[in-house]
Amino acid sequence: MTEIKHHAYLFDATRCIDCRACMVACSVENNIEMDKTRIWVAGLGVTGEYPNLQRGTMVYHCMHCEHPDCMSACPVGAYTKAEDGPVSYNPDVCIGCRYCMNACPFGVPHFDYDKGIIDGAFIDKCTFCPQRIYNGQEPACVATCPTDALEYGDRDELIQRAHERIAAHPDRYIDHVYGEHENGGTSYLIISHVPFKDLGLPELPETPINEVSEKVMEMTIPFALSWGAVLTAVSAGVAMYDNNKKKNGKSAEEKKAEEPK
Amino acid sequence: MTQTISRRDFLKIGAAAVGALAVGAMLPPKVAEAARAAGTIDSQGNGYVHSMCEMCVWRCGLIAKVVDGKVVKLDGNPEHPHSRGNLCPRGQSGLMNTYDPDRVLTPLVRVGKRGEGLFRQASWDEALDLVASKMTEIKDKYGAEAMVFSSTHNLSQPLFENLLYAFGSPNYGTQRSLCFNAMIVSNLMTYGMEEPERIYDDKLKYIILTGRNLLEAISTSETHDLIMAIDRGAKVVYLDPRYTKTASKATEWLPIKPGMDLAFHLALLNVVIGERLYNRWFVEQHTVGFDELKKEVARYTPEWAAPLTGIPAETITRIAHELADAAPHVLVHNGWRTSNFINSFHTQRAISILNALMGNWNVTMTAAAAEGAGLGAPPQPPYPRVSTLRLDGVPWKYPIVPFKIGVFQELRDNIVKGDPYQAHGWFISRQNPIMSLPDRAKTLEAFGKMDFIATVDIIMNDTAWFSDVVLPEASYLERYDPLLPVGDKAFIRQPVIEPQGEAKSALWIYKQLGTKLGLGDFFQYEDEEDYLRQQLKPLGASLEEVKKKGYAEMPEGEPAGFTWSTPSGKIELYSDTLAKVGFSGVPTWEEPPQPKEDQFYLLTGKVAQSTQFGTQNNQLLHKYSDEPRLWMNARTAANLGLATDDWVEVTSEVGQIHIKLLATEAIRPDCVYMTPGYGHLSKGLTTAFGVGASSSVLHVTYADPISGGQALSQTFVTVKKA
């Protein structure tokens, strides 16, 4: 393997056999709890009518976008995009607002509702296995893949490899490398024999969403301040109402219960 | 699986398991000591250890990451030809078998009624004394043949065989007749070997897979080979009544009618021979019996096969042409679980012969090295002579089935019948016959005939649950097994961590039991390491070096030539051996039974997330498995008023189950399918118990009369709303 300037994955849907070795490998490598996962199977599965059938599935995890929407949406800077590719998440600063979940066009960040705010670490997603890639190993999901459906390497090289493979078998592949340009580019690249929307992938413009969203997000602080003022007023009003109720001695429900039947 | 199980965390389990093992911890830490001596683990108990997977029988090489004396990750060993750096989901999940909270960690002796699940802990000494005294009592009273031994293919099997042959029992049950007897016996009759090795090189152009669901029943390197062959543009024709994941990657999927694979392959032979498309030079030089074959297959035209198989005659003819055009770079795969119908032996013979006619020997097929060849072994005396009849009908009913293979379902049937004599004891290792044999009610009946049952296992599998004594084996990450030569290397399985609790290796258990039975001469090794040293002796390699590298270099065997260990020394298209015992010497048509109008073929098969009947309790595999449901064609289901997730009652001649339905386009309308290995009886399997239903409850026992293979798809069922 040549030097990797920009870490990336290439997923080839024609090779994936949906065996889920990657999912188990990720669970073990990252010590994921038994009811959680960082990798999912997506896609329509078997389509058509017997006996004219087709199958399209994809495994995916964090796409490690070049312009991560999670990062733009995060009000506290819990996400970072490394120059060499990985998008990482810092649980220590996360406040659990879940904006990133709404912002991610791929639905990747997951909130841990069991842990709650006190336990910390609210969001879970693929880390790109830094403990492996910076020690000369492939990410766990890639290393174990029995059919080389998942490959790992330098982003430019993988893009080139993807185009070469498509060119060698134009009858087999759709002539497109998903993630080369979508949303300004991702570090999880996908080639496929079925339409990308059948794999569950959104149609995204080449301009990153967050070029738009960041403009909106710039508004969030003044917006939050003014919305905060409104909320404070409302809550003061509610408190006054409650106090008035207590002065009357009885709540509306209690009064209702006493009404003659 | 959608439902979640109790949340657990590996390291926590590992810590708890180690914590619970005060007794084991008192023993000297031999594993760590040896690992440190070999330089694989540092003084803190951290490091990487090379070993071999045992989540199926493919035996991939693995590298285990050990932190603080606990195994935390397994990766494929790039140097091992079976893994090439990869592991399948089962291999990846292997450490969860070891850290299964349901592990049996001390010997157990039954105190309640059989099947009630009440046991008390016992010391090894007490448990082994009990097993030895019961076995001796049965031998003294009824003869050694009254003890049945059964085990499934594994690396310590030679020592298991020592135990039974030295004890003097002819009764040996293996899994093979429930799996691939048809293929093995067919290859023995044709090539004089059990299974030729397959070669997927760059030139391979055409592959026919007959129900070999290689992309779900994963053999890591061969699965990789197939995907890469497809990538390079090889054509794959796949026959299966189900649209499996393999079907979805094949160039052509033929949803053939079950039981009719033989008709398809006979028709291919008809075209290949009729149109003289075979390799004439190869056939003349290297085969015998071509004329008899030619005469027999003349009547099996594609037009004859079309209505039987449901595949148009033109398609069959075209495939025969394409196959011959691509020869010799073609592979007609025998398949693995090949015993499906009573005609499966002839199907396998037709496939073996088709390869020979393509002249692909030493191109895409070659001789496989024998297991254990080239290694040393401890000395041992000859086995006592045994002249008692075997209960499984070999060879008196099945004259050409090898002794080592046997006919397990017939063994069980004759235990129930007490014919030709009554068996009284059963010693079982690494096997779960309650789940794997067809007709579970009958297997339980056979268990009821036993005065004594002992089982060696790592968890409380169903068979252990119904046993009198359970002997806890160390998991494959905790023990040594004999070395396995692959190509020019002999690979090691060695302990990666200390055995938990009082679990022991099979090498240790068999030796101790053998010694207590007075058969110590058959186990002339001090301990596991001594056994391996004796194996390594001819190679001149030290155990420490092998432990560190993961393998010993071996002189590579001679490349296979053009001779075969058949009576004629050639590939036998016509087999005199078969003819002499009254079977057809060439493959011939046998009509398999078909379901009645309101019945379905019951198909079973494999998924990538489980192996047979022993891995369903692995929490990691459970996590990523689909919910086990009964597949039915969507239109058929709609006609019956059934929808996905409806509970249905499935009834065969011998049993009934309740299971959820999956209405899908991916199966023939006359078939239903279920994944075997679910519906466990043992409540000692806390993850697997209560999940799905068992196909073994429904399977009717039929043996192919030639190979003895259980006709696993010859069970017909009715389905209605529960």
# chains A, B, ... in the order shown; residues from 1 in each chain; ligands from 1
>>> closest_atom_pairs(of="chain B", to="chain A", cutoff="8 Å", atoms="only C-alpha atoms", output="CSV")
residue,atom,partner,partner_atom,distance
B:Thr4,CA,A:Asp35,CA,5.4
B:Ile5,CA,A:Asp35,CA,6.7
B:Ser6,CA,A:Met34,CA,7.3
B:Arg7,CA,A:Met34,CA,5.1
B:Arg8,CA,A:Met34,CA,5.6
B:Asp9,CA,A:Glu33,CA,5.4
B:Phe10,CA,A:Asn31,CA,6.5
B:Leu11,CA,A:Asn31,CA,7.7
B:Val72,CA,A:Val28,CA,7.1
B:Lys73,CA,A:Glu29,CA,6.0
B:Asp75,CA,A:Thr144,CA,6.8
B:Gly76,CA,A:Thr144,CA,6.7
B:Gly85,CA,A:Thr144,CA,6.8
B:Asn86,CA,A:Thr144,CA,4.2
B:Leu87,CA,A:Thr144,CA,5.2
B:Cys88,CA,A:Ala21,CA,5.1
B:Pro89,CA,A:Ala21,CA,3.7
B:Arg90,CA,A:Ala21,CA,7.5
B:Gln92,CA,A:Ala25,CA,5.6
B:Ser93,CA,A:Val24,CA,6.3
B:Leu215,CA,A:Ile17,CA,6.3
B:Glu216,CA,A:Cys19,CA,6.9
B:Thr220,CA,A:Pro146,CA,6.0
B:Ser221,CA,A:Pro146,CA,7.5
B:Thr223,CA,A:Thr147,CA,7.0
B:His224,CA,A:Thr147,CA,4.8
B:Ile227,CA,A:Thr147,CA,6.2
B:Met228,CA,A:Thr147,CA,7.6
B:Asp231,CA,A:Arg15,CA,7.9
B:Tyr243,CA,A:Leu53,CA,7.9
B:Lys245,CA,A:Ile17,CA,6.3
B:Thr246,CA,A:Ile17,CA,7.8
B:Ser248,CA,A:Arg55,CA,5.8
B:Lys249,CA,A:Thr14,CA,7.5
B:Pro255,CA,A:Pro51,CA,7.6
B:Ala608,CA,A:Cys19,CA,5.4
B:Gln609,CA,A:Cys19,CA,7.0
B:Gln619,CA,A:Met34,CA,7.6
B:Leu620,CA,A:Val24,CA,6.6
B:Leu621,CA,A:Val24,CA,7.6
B:Lys623,CA,A:Met34,CA,6.9
B:Tyr624,CA,A:Arg20,CA,7.0
B:Glu665,CA,A:Tyr50,CA,5.1
B:Ala666,CA,A:Tyr50,CA,6.5
B:Ile667,CA,A:Tyr50,CA,7.5
B:Arg668,CA,A:Tyr50,CA,7.7
>>> select_by_dssp(residues="region 99-173 of chain A", states="strand (DSSP E)", output="list in words")
His110, Phe111, Ile123, Asp124, Leu150, Glu151, Tyr152, Gly153 and Asp154 of chain A
>>> write_last_selection(atoms="N, CA and C atoms", output="PDB file, in the first residue's frame")
ATOM      1  N   HIS A 110     -26.148   8.132  15.822  1.00  0.00           N
ATOM      2  CA  HIS A 110     -27.229   7.547  16.612  1.00  0.00           C
ATOM      3  C   HIS A 110     -27.144   8.033  18.042  1.00  0.00           C
ATOM      4  N   PHE A 111     -28.264   8.315  18.623  1.00  0.00           N
ATOM      5  CA  PHE A 111     -28.307   8.816  19.992  1.00  0.00           C
ATOM      6  C   PHE A 111     -28.539   7.647  20.945  1.00  0.00           C
ATOM      7  N   ILE A 123     -23.786  10.291  21.440  1.00  0.00           N
ATOM      8  CA  ILE A 123     -23.860   9.964  20.012  1.00  0.00           C
ATOM      9  C   ILE A 123     -22.848   8.875  19.720  1.00  0.00           C
ATOM     10  N   ASP A 124     -23.232   7.953  18.824  1.00  0.00           N
ATOM     11  CA  ASP A 124     -22.298   6.899  18.450  1.00  0.00           C
ATOM     12  C   ASP A 124     -22.217   6.842  16.935  1.00  0.00           C
ATOM     13  N   LEU A 150     -15.382  -4.426   0.494  1.00  0.00           N
ATOM     14  CA  LEU A 150     -14.913  -3.219   1.162  1.00  0.00           C
ATOM     15  C   LEU A 150     -13.410  -3.132   0.974  1.00  0.00           C
ATOM     16  N   GLU A 151     -12.959  -1.994   0.473  1.00  0.00           N
ATOM     17  CA  GLU A 151     -11.522  -1.786   0.341  1.00  0.00           C
ATOM     18  C   GLU A 151     -11.163  -0.466   1.017  1.00  0.00           C
ATOM     19  N   TYR A 152      -9.897  -0.354   1.333  1.00  0.00           N
ATOM     20  CA  TYR A 152      -9.425   0.819   2.069  1.00  0.00           C
ATOM     21  C   TYR A 152      -8.174   1.339   1.382  1.00  0.00           C
ATOM     22  N   GLY A 153      -8.004   2.662   1.353  1.00  0.00           N
ATOM     23  CA  GLY A 153      -6.798   3.215   0.757  1.00  0.00           C
ATOM     24  C   GLY A 153      -6.878   4.727   0.659  1.00  0.00           C
ATOM     25  N   ASP A 154      -6.057   5.265  -0.245  1.00  0.00           N
ATOM     26  CA  ASP A 154      -6.047   6.709  -0.455  1.00  0.00           C
ATOM     27  C   ASP A 154      -7.240   7.097  -1.335  1.00  0.00           C
TER      28      ASP A 154
END
>>> residues_around(residues="Ile138 (chain B)", least_positions_apart="3", cutoff="9 Å", atoms="only C-alpha atoms", output="ChimeraX atom specification")
/B:133-135,141-144,146-147,424-425,451-452
>>> write_last_selection(atoms="C-alpha atoms", output="short mmCIF file (atom, residue, chain, number, x, y, z; two decimals), in the first residue's frame")
data_model
loop_
_atom_site.label_atom_id
_atom_site.label_comp_id
_atom_site.auth_asym_id
_atom_site.auth_seq_id
_atom_site.Cartn_x
_atom_site.Cartn_y
_atom_site.Cartn_z
CA SER B 133 -16.99 -47.36 35.27
CA LYS B 134 -20.29 -47.06 33.35
CA MET B 135 -18.54 -47.84 30.06
CA LYS B 141 -22.53 -56.97 30.59
CA TYR B 142 -23.35 -56.56 26.88
CA GLY B 143 -20.03 -56.41 25.01
CA ALA B 144 -18.04 -53.43 23.75
CA ALA B 146 -23.18 -51.90 23.20
CA MET B 147 -21.28 -48.60 23.57
CA HIS B 424 -26.80 -49.36 26.09
CA GLY B 425 -24.35 -46.47 26.25
CA ASP B 451 -28.41 -46.74 30.33
CA PHE B 452 -25.72 -44.09 30.17
#
>>> atom_distance(atom1="CA of Pro381 (chain B)", atom2="CA of Asp521 (chain B)")
6.8 Å
>>> residues_around(residues="Met674 (chain B)", least_positions_apart="2", cutoff="12 Å", atoms="only C-alpha atoms", output="ChimeraX atom specification")
/B:242,601-607,626-632,650,657-662,667,671-672,676-679,692-696,698-699,713
>>> atom_distance(atom1="CA of Val41 (chain A)", atom2="CA of Ser610 (chain B)")
17.9 Å
>>> closest_residue(among="B:Leu323, B:Ile497, B:Met365, B:Leu163", to="Val67 (chain B)", atoms="only C-alpha atoms")
B:Ile497
>>> atom_distance(atom1="CA of Gly274 (chain B)", atom2="CA of Lys294 (chain B)")
7.9 Å
>>> residues_around(residues="Asp156 (chain A)", least_positions_apart="3", cutoff="12 Å", atoms="only C-alpha atoms", output="ChimeraX atom specification")
/A:2-10,84-85,152-153,159-163,177,179-180,185-189
>>> closest_residue(among="A:Met58, A:Thr127, A:His67, A:Val108", to="Tyr89 (chain A)", atoms="only C-alpha atoms")
A:Thr127
>>> closest_residue(among="A:Pro130, A:Pro109, A:Pro139, A:Pro202", to="Met71 (chain A)", atoms="only C-alpha atoms")
A:Pro109
>>> residues_around(residues="Thr347 (chain B)", least_positions_apart="5", cutoff="12 Å", atoms="only C-alpha atoms", output="PyMOL selection string")
chain B and resi 182-183+185-187+210-211+259-269+332-335+338-342+352-354+586-592+704+706-707
>>> select_by_dssp(residues="region 488-553 of chain B", states="helix (DSSP H, G or I)", output="ChimeraX atom specification")
/B:506-516,520-522,528-539,543-549
>>> write_last_selection(atoms="N, CA and C atoms", output="compact mmCIF listing (two decimals), in the first residue's frame")
# COMPACT_ATOMS: atom_id res chain seq x y z
N ALA B 506 -9.65 -31.70 24.35
CA ALA B 506 -10.06 -33.07 23.98
C ALA B 506 -8.87 -34.01 24.09
N LEU B 507 -7.67 -33.53 23.73
CA LEU B 507 -6.48 -34.38 23.83
C LEU B 507 -6.29 -34.86 25.26
N TRP B 508 -6.55 -33.98 26.22
CA TRP B 508 -6.42 -34.33 27.64
C TRP B 508 -7.56 -35.27 28.07
N ILE B 509 -8.78 -34.90 27.69
CA ILE B 509 -9.96 -35.68 28.14
C ILE B 509 -9.87 -37.12 27.63
N TYR B 510 -9.56 -37.29 26.33
CA TYR B 510 -9.53 -38.64 25.75
C TYR B 510 -8.41 -39.48 26.41
N LYS B 511 -7.27 -38.81 26.66
CA LYS B 511 -6.16 -39.55 27.28
C LYS B 511 -6.53 -39.99 28.70
N GLN B 512 -7.11 -39.07 29.47
CA GLN B 512 -7.46 -39.42 30.85
C GLN B 512 -8.50 -40.54 30.88
N LEU B 513 -9.51 -40.41 30.02
CA LEU B 513 -10.56 -41.42 29.99
C LEU B 513 -9.98 -42.75 29.52
N GLY B 514 -9.14 -42.68 28.48
CA GLY B 514 -8.49 -43.88 27.95
C GLY B 514 -7.68 -44.57 29.04
N THR B 515 -6.94 -43.79 29.80
CA THR B 515 -6.11 -44.36 30.86
C THR B 515 -6.98 -45.05 31.91
N LYS B 516 -8.08 -44.38 32.29
CA LYS B 516 -8.98 -44.97 33.29
C LYS B 516 -9.65 -46.25 32.76
N GLY B 520 -4.32 -46.87 28.14
CA GLY B 520 -3.29 -45.83 28.13
C GLY B 520 -2.28 -45.97 26.99
N ASP B 521 -2.05 -47.21 26.51
CA ASP B 521 -1.07 -47.41 25.44
C ASP B 521 -1.46 -46.72 24.14
N PHE B 522 -2.72 -46.38 24.01
CA PHE B 522 -3.18 -45.71 22.79
C PHE B 522 -3.04 -44.19 22.91
N GLU B 528 -0.58 -32.09 25.87
CA GLU B 528 -0.86 -31.60 24.53
C GLU B 528 0.43 -31.19 23.80
N GLU B 529 1.31 -30.50 24.53
CA GLU B 529 2.54 -30.01 23.89
C GLU B 529 3.42 -31.17 23.46
N ASP B 530 3.43 -32.23 24.28
CA ASP B 530 4.22 -33.41 23.92
C ASP B 530 3.64 -34.05 22.66
N TYR B 531 2.33 -34.08 22.54
CA TYR B 531 1.70 -34.64 21.33
C TYR B 531 2.18 -33.88 20.10
N LEU B 532 2.15 -32.54 20.20
CA LEU B 532 2.56 -31.71 19.06
C LEU B 532 4.05 -31.87 18.75
N ARG B 533 4.86 -32.03 19.81
CA ARG B 533 6.30 -32.22 19.58
C ARG B 533 6.54 -33.51 18.81
N GLN B 534 5.77 -34.54 19.15
CA GLN B 534 5.93 -35.81 18.43
C GLN B 534 5.48 -35.65 16.97
N GLN B 535 4.45 -34.83 16.75
CA GLN B 535 4.01 -34.57 15.38
C GLN B 535 5.08 -33.81 14.59
N LEU B 536 5.76 -32.90 15.28
CA LEU B 536 6.74 -32.03 14.60
C LEU B 536 8.07 -32.72 14.33
N LYS B 537 8.31 -33.85 15.01
CA LYS B 537 9.62 -34.50 14.97
C LYS B 537 10.17 -34.68 13.55
N PRO B 538 9.40 -35.27 12.63
CA PRO B 538 9.97 -35.46 11.28
C PRO B 538 10.28 -34.15 10.56
N LEU B 539 9.65 -33.05 11.00
CA LEU B 539 9.87 -31.77 10.32
C LEU B 539 11.06 -31.02 10.89
N LEU B 543 8.57 -26.64 18.85
CA LEU B 543 7.23 -26.18 19.16
C LEU B 543 7.21 -24.67 19.41
N GLU B 544 8.27 -24.15 20.07
CA GLU B 544 8.31 -22.73 20.39
C GLU B 544 8.29 -21.90 19.11
N GLU B 545 9.05 -22.37 18.13
CA GLU B 545 9.13 -21.66 16.85
C GLU B 545 7.75 -21.69 16.15
N VAL B 546 7.12 -22.84 16.22
CA VAL B 546 5.81 -22.99 15.58
C VAL B 546 4.75 -22.14 16.30
N LYS B 547 4.85 -22.10 17.60
CA LYS B 547 3.91 -21.27 18.37
C LYS B 547 4.03 -19.81 17.98
N LYS B 548 5.25 -19.38 17.74
CA LYS B 548 5.48 -17.99 17.39
C LYS B 548 5.03 -17.67 15.96
N LYS B 549 5.42 -18.52 15.02
CA LYS B 549 5.10 -18.28 13.61
C LYS B 549 3.68 -18.68 13.24
>>> residues_around(residues="Asn171 (chain B)", least_positions_apart="3", cutoff="12 Å", atoms="only C-alpha atoms", output="short mmCIF file (atom, residue, chain, number, x, y, z; two decimals) with N, CA and C atoms, in the first residue's frame")
data_model
loop_
_atom_site.label_atom_id
_atom_site.label_comp_id
_atom_site.auth_asym_id
_atom_site.auth_seq_id
_atom_site.Cartn_x
_atom_site.Cartn_y
_atom_site.Cartn_z
N GLY B 143 -21.06 -56.45 26.06
CA GLY B 143 -20.03 -56.41 25.01
C GLY B 143 -19.72 -54.99 24.62
N ALA B 144 -18.50 -54.78 24.09
CA ALA B 144 -18.04 -53.43 23.75
C ALA B 144 -18.96 -52.77 22.72
N GLU B 145 -19.58 -53.59 21.86
CA GLU B 145 -20.44 -53.02 20.79
C GLU B 145 -21.68 -52.33 21.35
N ALA B 146 -22.01 -52.57 22.61
CA ALA B 146 -23.18 -51.90 23.20
C ALA B 146 -22.89 -50.44 23.53
N MET B 147 -21.63 -50.02 23.41
CA MET B 147 -21.28 -48.60 23.57
C MET B 147 -21.22 -47.96 22.18
N VAL B 148 -22.00 -46.91 21.99
CA VAL B 148 -21.98 -46.15 20.74
C VAL B 148 -21.09 -44.93 20.95
N PHE B 149 -20.30 -44.60 19.95
CA PHE B 149 -19.45 -43.40 19.99
C PHE B 149 -19.83 -42.51 18.82
N SER B 150 -19.95 -41.21 19.06
CA SER B 150 -20.18 -40.35 17.90
C SER B 150 -19.51 -38.99 18.09
N SER B 151 -19.03 -38.48 16.98
CA SER B 151 -18.33 -37.19 16.98
C SER B 151 -18.35 -36.61 15.58
N GLU B 161 -11.09 -41.54 17.80
CA GLU B 161 -11.16 -42.85 17.15
C GLU B 161 -10.32 -43.87 17.91
N LEU B 163 -10.00 -43.94 21.03
CA LEU B 163 -10.81 -44.30 22.19
C LEU B 163 -11.81 -45.40 21.82
N LEU B 164 -12.51 -45.22 20.71
CA LEU B 164 -13.56 -46.20 20.40
C LEU B 164 -13.00 -47.50 19.82
N TYR B 165 -11.98 -47.38 18.96
CA TYR B 165 -11.43 -48.61 18.38
C TYR B 165 -10.68 -49.42 19.43
N PHE B 167 -11.35 -49.38 22.62
CA PHE B 167 -12.40 -49.91 23.49
C PHE B 167 -13.02 -51.15 22.86
N GLY B 168 -13.05 -51.14 21.51
CA GLY B 168 -13.52 -52.33 20.79
C GLY B 168 -14.93 -52.24 20.25
N THR B 174 -20.78 -40.42 12.64
CA THR B 174 -20.21 -39.13 12.26
C THR B 174 -21.30 -38.31 11.57
N VAL B 386 -12.36 -56.44 15.88
CA VAL B 386 -13.79 -56.35 16.19
C VAL B 386 -14.57 -57.05 15.09
N SER B 387 -15.37 -58.05 15.45
CA SER B 387 -16.09 -58.77 14.40
C SER B 387 -17.60 -58.61 14.51
N THR B 388 -18.05 -57.85 15.51
CA THR B 388 -19.49 -57.65 15.67
C THR B 388 -20.02 -56.76 14.54
N LEU B 389 -21.26 -57.00 14.14
CA LEU B 389 -21.91 -56.16 13.12
C LEU B 389 -22.04 -54.73 13.62
N ARG B 390 -21.89 -53.79 12.70
CA ARG B 390 -22.15 -52.38 13.05
C ARG B 390 -23.65 -52.14 13.01
N LEU B 391 -24.11 -51.31 13.95
CA LEU B 391 -25.55 -51.01 13.99
C LEU B 391 -26.01 -50.17 12.80
N ASP B 392 -25.09 -49.47 12.15
CA ASP B 392 -25.53 -48.56 11.08
C ASP B 392 -25.62 -49.24 9.71
N GLY B 393 -25.44 -50.56 9.68
CA GLY B 393 -25.64 -51.27 8.41
C GLY B 393 -24.45 -51.26 7.49
N VAL B 394 -23.31 -50.71 7.94
CA VAL B 394 -22.10 -50.72 7.13
C VAL B 394 -21.26 -51.91 7.56
N PHE B 403 -16.09 -47.29 6.53
CA PHE B 403 -16.30 -47.43 7.97
C PHE B 403 -16.22 -46.09 8.70
N LYS B 404 -15.26 -45.26 8.27
CA LYS B 404 -15.02 -43.98 8.95
C LYS B 404 -16.20 -43.02 8.80
N ILE B 405 -17.05 -43.31 7.82
CA ILE B 405 -18.12 -42.38 7.48
C ILE B 405 -19.44 -42.84 8.07
N GLY B 406 -19.82 -44.07 7.78
CA GLY B 406 -21.02 -44.65 8.39
C GLY B 406 -22.32 -44.02 7.95
N VAL B 407 -23.41 -44.53 8.53
CA VAL B 407 -24.75 -44.01 8.23
C VAL B 407 -25.43 -43.73 9.57
N PHE B 408 -25.29 -42.49 10.01
CA PHE B 408 -25.64 -42.13 11.38
C PHE B 408 -27.14 -42.32 11.67
N GLU B 410 -29.22 -44.34 10.40
CA GLU B 410 -29.54 -45.78 10.48
C GLU B 410 -29.09 -46.32 11.85
N LEU B 411 -27.95 -45.83 12.31
CA LEU B 411 -27.44 -46.20 13.65
C LEU B 411 -28.49 -45.86 14.70
N ARG B 412 -29.01 -44.63 14.60
CA ARG B 412 -30.05 -44.19 15.55
C ARG B 412 -31.30 -45.09 15.45
N ASN B 414 -31.55 -48.16 14.47
CA ASN B 414 -31.32 -49.50 15.00
C ASN B 414 -31.13 -49.52 16.51
N ILE B 415 -30.76 -48.36 17.08
CA ILE B 415 -30.75 -48.26 18.55
C ILE B 415 -32.20 -48.35 19.04
N TYR B 421 -28.85 -55.81 17.68
CA TYR B 421 -28.70 -56.00 19.13
C TYR B 421 -28.97 -54.66 19.80
N GLN B 422 -29.07 -54.69 21.13
CA GLN B 422 -29.41 -53.46 21.83
C GLN B 422 -28.15 -52.71 22.29
N ALA B 423 -28.08 -51.40 21.96
CA ALA B 423 -27.00 -50.57 22.50
C ALA B 423 -27.43 -50.03 23.85
N HIS B 424 -26.46 -49.80 24.73
CA HIS B 424 -26.80 -49.36 26.09
C HIS B 424 -26.12 -48.07 26.53
N GLY B 425 -25.05 -47.68 25.83
CA GLY B 425 -24.35 -46.47 26.25
C GLY B 425 -23.94 -45.64 25.04
N TRP B 426 -23.75 -44.33 25.26
CA TRP B 426 -23.42 -43.44 24.14
C TRP B 426 -22.43 -42.41 24.65
N PHE B 427 -21.28 -42.33 24.00
CA PHE B 427 -20.28 -41.32 24.31
C PHE B 427 -20.20 -40.36 23.13
N ILE B 428 -20.49 -39.09 23.40
CA ILE B 428 -20.63 -38.10 22.32
C ILE B 428 -19.65 -36.96 22.54
#
>>> closest_residue(among="B:Ala711, B:Val486, B:Ala234, B:Ala368", to="His80 (chain B)", atoms="only C-alpha atoms")
B:Val486
>>> closest_residue(among="A:Leu158, A:Pro105, A:Ala78, A:Val194", to="Phe122 (chain A)", atoms="only C-alpha atoms")
A:Ala78
